[in-house]
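Notes to accompany the following structure.
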Amino acid sequence: RAHVFSYLKTGDHVSIDPEHESFKVRPGLSSFKETPEQAGQSLEPLLDFMREQIPEAERPSAPVYLKATAGLRMFDASAILTSVKETLAASGFKFDEHKGAVVIPGSEEGGYGWISANYLLGTLTQPFGVIEMGGASAQVTQVHRAVLRGSALPAQSRFSFGLEGKNYDLYAHSYLGYG
């Protein structure tokens with residue numbers, strides 16, 4: 001899935017435009033477990049979509065990231081990532097081979113889902129908890145209220161970030177294999 005985001009600037013404030021273009025292809029990268037060398041090539045329709053959205057002159061400064069989720073956490077996906085990195089490096093977009101294509105932990109997957117839901121709903125000041133089910137996992141994510149709970153949050157279930165001048169500390173747990 002490819003998402004092409006635009007940024008809105010109002011004075012000194014920069015935010016992501018919630019209206020953005022996206023495009024999805026199937027099969028997912030985990031389907032290339034037996035033929036990992038073909039994984040990078042499978043991204044070409046997504047890259048073509050991105051090329052349609054981003055003017056050629058802006059592509060070298062437009063970063064591209066691949067954040068693989070539970071489907072690739074279920075096995076050693078290093079050969080798939082190698083193929084993907086080669087394709088993204090040759091795409092014409094700004095690509096960091098060390099951070100640009102990674103398999104993210106479940107807490108990060110849950111955290112990004114929580115951000116997306118609450119940002120798009122406009123509920124960051126009084127956020128909702130999110131239960132999300134994907135193809136290979138399910139995530140449960142909510143604001144962690146350490147003062148109320150009286151306990152520390154386990155590192156593997158913590159997702160912390162800052163957005164629009166506020167810091168968030170989330171409990172984000174992923175249940176691998178329950179998608």
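Identifiers in this document derive from the order of the structure tokens: chains are assigned A, B, ..., residues are numbered from 1 separately in each chain, and ligands are numbered from 1 in order of occurrence.
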
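The list of residues with at least one atom within 8 Å of Lys85 of chain A, based on only C-alpha atoms and without residues fewer than 3 positions apart in the same chain, reads Gly40, Leu81, Thr82, Leu88, Ala89, Glu97, Gly100 and Ala101 of chain A.
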
Generate the output file for the selected residues, C-alpha atoms, as a compact mmCIF listing (two decimals), in the first residue's frame.
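Generated output (out.txt):
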```txt
# COMPACT_ATOMS: atom_id res chain seq x y z
CA GLY A 40 11.05 -5.65 -5.06
CA LEU A 81 13.94 -6.72 2.38
CA THR A 82 17.11 -6.93 0.28
CA LEU A 88 13.45 1.53 -3.70
CA ALA A 89 17.05 2.71 -4.05
CA GLU A 97 18.87 2.04 2.82
CA GLY A 100 13.90 3.20 4.65
CA ALA A 101 12.72 -0.42 4.51
```

Give the strand (DSSP E) residues of segment 58-152 of chain A, as DSSP finds them on the backbone, and put them as a list in words.
Leu66, Lys67, Ala68, Ala101, Val102, Val103, Val130, Ile131, Glu132, Met133, Ser137, Ala138, Gln139, Val140, Thr141, Gln142 and Val143 of chain A

Can you tell me, as a PDB file with N, CA, C and O atoms, in the first residue's frame, what residues are no more than 10 Å from Val103 of chain A when counting only C-alpha atoms, ignoring any on the same chain fewer than 2 positions away?
```
ATOM      1  N   LEU A  66       9.307   2.027   3.557  1.00  0.00           N
ATOM      2  CA  LEU A  66       8.535   0.801   3.595  1.00  0.00           C
ATOM      3  C   LEU A  66       8.544   0.321   5.035  1.00  0.00           C
ATOM      4  O   LEU A  66       9.611   0.089   5.611  1.00  0.00           O
ATOM      5  N   LYS A  67       7.364   0.225   5.611  1.00  0.00           N
ATOM      6  CA  LYS A  67       7.203  -0.248   6.990  1.00  0.00           C
ATOM      7  C   LYS A  67       6.421  -1.555   6.922  1.00  0.00           C
ATOM      8  O   LYS A  67       5.196  -1.562   6.838  1.00  0.00           O
ATOM      9  N   ALA A  68       7.123  -2.664   6.918  1.00  0.00           N
ATOM     10  CA  ALA A  68       6.481  -3.970   6.841  1.00  0.00           C
ATOM     11  C   ALA A  68       5.936  -4.356   8.216  1.00  0.00           C
ATOM     12  O   ALA A  68       6.525  -4.022   9.247  1.00  0.00           O
ATOM     13  N   THR A  69       4.824  -5.061   8.212  1.00  0.00           N
ATOM     14  CA  THR A  69       4.152  -5.385   9.466  1.00  0.00           C
ATOM     15  C   THR A  69       4.179  -6.889   9.740  1.00  0.00           C
ATOM     16  O   THR A  69       5.128  -7.576   9.378  1.00  0.00           O
ATOM     17  N   ALA A  70       3.156  -7.389  10.384  1.00  0.00           N
ATOM     18  CA  ALA A  70       3.138  -8.750  10.935  1.00  0.00           C
ATOM     19  C   ALA A  70       3.430  -9.848   9.924  1.00  0.00           C
ATOM     20  O   ALA A  70       4.050 -10.856  10.266  1.00  0.00           O
ATOM     21  N   GLY A  71       2.985  -9.687   8.696  1.00  0.00           N
ATOM     22  CA  GLY A  71       3.235 -10.723   7.696  1.00  0.00           C
ATOM     23  C   GLY A  71       4.710 -11.056   7.565  1.00  0.00           C
ATOM     24  O   GLY A  71       5.077 -12.209   7.356  1.00  0.00           O
ATOM     25  N   LEU A  72       5.579 -10.044   7.715  1.00  0.00           N
ATOM     26  CA  LEU A  72       7.022 -10.290   7.623  1.00  0.00           C
ATOM     27  C   LEU A  72       7.669 -10.523   8.986  1.00  0.00           C
ATOM     28  O   LEU A  72       8.834 -10.910   9.046  1.00  0.00           O
ATOM     29  N   ARG A  73       6.928 -10.313  10.072  1.00  0.00           N
ATOM     30  CA  ARG A  73       7.462 -10.639  11.405  1.00  0.00           C
ATOM     31  C   ARG A  73       7.378 -12.137  11.671  1.00  0.00           C
ATOM     32  O   ARG A  73       7.995 -12.641  12.597  1.00  0.00           O
ATOM     33  N   ALA A  77      12.663 -12.388   7.055  1.00  0.00           N
ATOM     34  CA  ALA A  77      12.317 -11.688   5.815  1.00  0.00           C
ATOM     35  C   ALA A  77      13.496 -10.914   5.232  1.00  0.00           C
ATOM     36  O   ALA A  77      13.304 -10.042   4.387  1.00  0.00           O
ATOM     37  N   SER A  78      14.716 -11.238   5.634  1.00  0.00           N
ATOM     38  CA  SER A  78      15.873 -10.450   5.189  1.00  0.00           C
ATOM     39  C   SER A  78      16.056 -10.481   3.675  1.00  0.00           C
ATOM     40  O   SER A  78      16.411  -9.459   3.077  1.00  0.00           O
ATOM     41  N   LEU A  81      13.528  -8.115   2.159  1.00  0.00           N
ATOM     42  CA  LEU A  81      13.940  -6.722   2.382  1.00  0.00           C
ATOM     43  C   LEU A  81      15.099  -6.319   1.477  1.00  0.00           C
ATOM     44  O   LEU A  81      15.156  -5.183   1.004  1.00  0.00           O
ATOM     45  N   ALA A 101      13.507   0.799   4.713  1.00  0.00           N
ATOM     46  CA  ALA A 101      12.717  -0.422   4.513  1.00  0.00           C
ATOM     47  C   ALA A 101      12.995  -1.349   5.693  1.00  0.00           C
ATOM     48  O   ALA A 101      14.071  -1.938   5.779  1.00  0.00           O
ATOM     49  N   PRO A 105       8.134  -3.443  14.737  1.00  0.00           N
ATOM     50  CA  PRO A 105       7.569  -4.265  15.812  1.00  0.00           C
ATOM     51  C   PRO A 105       6.060  -4.021  15.947  1.00  0.00           C
ATOM     52  O   PRO A 105       5.528  -3.006  15.482  1.00  0.00           O
ATOM     53  N   GLY A 106       5.391  -4.939  16.592  1.00  0.00           N
ATOM     54  CA  GLY A 106       3.942  -4.843  16.769  1.00  0.00           C
ATOM     55  C   GLY A 106       3.504  -3.594  17.497  1.00  0.00           C
ATOM     56  O   GLY A 106       2.449  -3.030  17.200  1.00  0.00           O
ATOM     57  N   GLU A 108       4.837  -0.677  17.305  1.00  0.00           N
ATOM     58  CA  GLU A 108       4.874   0.419  16.339  1.00  0.00           C
ATOM     59  C   GLU A 108       3.690   0.320  15.372  1.00  0.00           C
ATOM     60  O   GLU A 108       3.061   1.328  15.029  1.00  0.00           O
ATOM     61  N   GLU A 109       3.366  -0.895  14.950  1.00  0.00           N
ATOM     62  CA  GLU A 109       2.204  -1.097  14.080  1.00  0.00           C
ATOM     63  C   GLU A 109       0.930  -0.602  14.774  1.00  0.00           C
ATOM     64  O   GLU A 109       0.123   0.121  14.187  1.00  0.00           O
TER      65      GLU A 109
END
```

Grab the atom CA of Glu164 of chain A to atom CA of His13 of chain A distance for me, in Å with one decimal place.
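One can read the atom CA of Glu164 of chain A to atom CA of His13 of chain A distance as 8.6 Å.
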
Excluding same-chain residues fewer than 4 positions from Tyr175 of chain A, what lies within 10 Å of it counting only C-alpha atoms, as number ranges by chain?
A: 70, 106-107, 133, 136-140, 179

Extract the full set of helix (DSSP H, G or I) residues from segment 19-112 of chain A according to DSSP on the backbone, and format it as a count of residues only.
49

Which residues, written as a list in words, have at least one atom at most 10 Å from Glu44 of chain A, with only C-alpha atoms counted and residues fewer than 4 positions away on the same chain left out?
Val25, Ala39, Gly40, Asp48, Phe49, Met50, Thr87, Leu88 and Ser91 of chain A

Rank nothing, just name the residue among A:Trp114, A:Lys33, A:Ala90, A:Asp96 nearest to Glu132 of chain A, using only C-alpha atoms.
A:Trp114

If we count only C-alpha atoms and set the cut-off at 12 Å, which residues sit around Leu124 of chain A, ignoring sequence neighbours fewer than 6 positions away in its own chain? Please answer as a PyMOL selection string.
chain A and resi 114-118+142-143+162-168

Those selected residues, please, written with N, CA, C and O atoms and delivered as an mmCIF file, in the first residue's frame.
```cif
data_model
loop_
_atom_site.group_PDB
_atom_site.id
_atom_site.type_symbol
_atom_site.label_atom_id
_atom_site.label_comp_id
_atom_site.auth_asym_id
_atom_site.auth_seq_id
_atom_site.Cartn_x
_atom_site.Cartn_y
_atom_site.Cartn_z
ATOM 1 N N TRP A 114 -3.171 3.759 15.824
ATOM 2 C CA TRP A 114 -3.789 4.670 16.789
ATOM 3 C C TRP A 114 -3.667 6.121 16.316
ATOM 4 O O TRP A 114 -4.631 6.880 16.369
ATOM 5 N N ILE A 115 -2.469 6.497 15.855
ATOM 6 C CA ILE A 115 -2.270 7.858 15.357
ATOM 7 C C ILE A 115 -3.214 8.129 14.189
ATOM 8 O O ILE A 115 -3.897 9.159 14.155
ATOM 9 N N SER A 116 -3.264 7.213 13.236
ATOM 10 C CA SER A 116 -4.110 7.412 12.059
ATOM 11 C C SER A 116 -5.565 7.602 12.447
ATOM 12 O O SER A 116 -6.220 8.552 12.006
ATOM 13 N N ALA A 117 -6.084 6.715 13.276
ATOM 14 C CA ALA A 117 -7.496 6.787 13.654
ATOM 15 C C ALA A 117 -7.810 8.077 14.401
ATOM 16 O O ALA A 117 -8.758 8.793 14.056
ATOM 17 N N ASN A 118 -7.025 8.403 15.400
ATOM 18 C CA ASN A 118 -7.322 9.582 16.218
ATOM 19 C C ASN A 118 -7.028 10.895 15.495
ATOM 20 O O ASN A 118 -7.753 11.873 15.673
ATOM 21 N N GLN A 142 -3.914 2.016 23.286
ATOM 22 C CA GLN A 142 -4.608 3.085 24.029
ATOM 23 C C GLN A 142 -3.570 3.931 24.757
ATOM 24 O O GLN A 142 -2.432 3.509 24.925
ATOM 25 N N VAL A 143 -4.008 5.124 25.183
ATOM 26 C CA VAL A 143 -3.123 5.974 25.974
ATOM 27 C C VAL A 143 -2.827 5.262 27.279
ATOM 28 O O VAL A 143 -3.735 4.720 27.922
ATOM 29 N N GLY A 162 5.859 12.253 19.720
ATOM 30 C CA GLY A 162 5.378 13.619 19.860
ATOM 31 C C GLY A 162 4.661 14.022 18.588
ATOM 32 O O GLY A 162 5.079 13.663 17.488
ATOM 33 N N LEU A 163 3.561 14.750 18.736
ATOM 34 C CA LEU A 163 2.788 15.200 17.586
ATOM 35 C C LEU A 163 2.117 16.519 17.914
ATOM 36 O O LEU A 163 1.441 16.627 18.950
ATOM 37 N N GLU A 164 2.336 17.493 17.058
ATOM 38 C CA GLU A 164 1.734 18.812 17.208
ATOM 39 C C GLU A 164 1.947 19.390 18.612
ATOM 40 O O GLU A 164 1.032 19.896 19.254
ATOM 41 N N GLY A 165 3.184 19.269 19.111
ATOM 42 C CA GLY A 165 3.553 19.877 20.385
ATOM 43 C C GLY A 165 3.165 19.097 21.624
ATOM 44 O O GLY A 165 3.361 19.573 22.739
ATOM 45 N N LYS A 166 2.628 17.902 21.482
ATOM 46 C CA LYS A 166 2.230 17.104 22.640
ATOM 47 C C LYS A 166 2.913 15.739 22.576
ATOM 48 O O LYS A 166 3.065 15.162 21.502
ATOM 49 N N ASN A 167 3.335 15.230 23.747
ATOM 50 C CA ASN A 167 3.942 13.911 23.827
ATOM 51 C C ASN A 167 2.895 12.884 24.232
ATOM 52 O O ASN A 167 2.042 13.156 25.082
ATOM 53 N N TYR A 168 2.989 11.703 23.630
ATOM 54 C CA TYR A 168 2.052 10.619 23.896
ATOM 55 C C TYR A 168 2.830 9.387 24.325
ATOM 56 O O TYR A 168 3.890 9.089 23.791
#
```

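Shortest separation to Ala79 of chain A among A:Pro127, A:Leu29, A:Glu56, A:Ile104 occurs at residue A:Leu29, atoms counted being only C-alpha atoms.
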
Test item: residues at most 10 Å from Arg59 of chain A, only C-alpha atoms, excluding those fewer than 4 positions along its chain, as a ChimeraX atom specification
/A:50-51,53-55,63-64,91-94
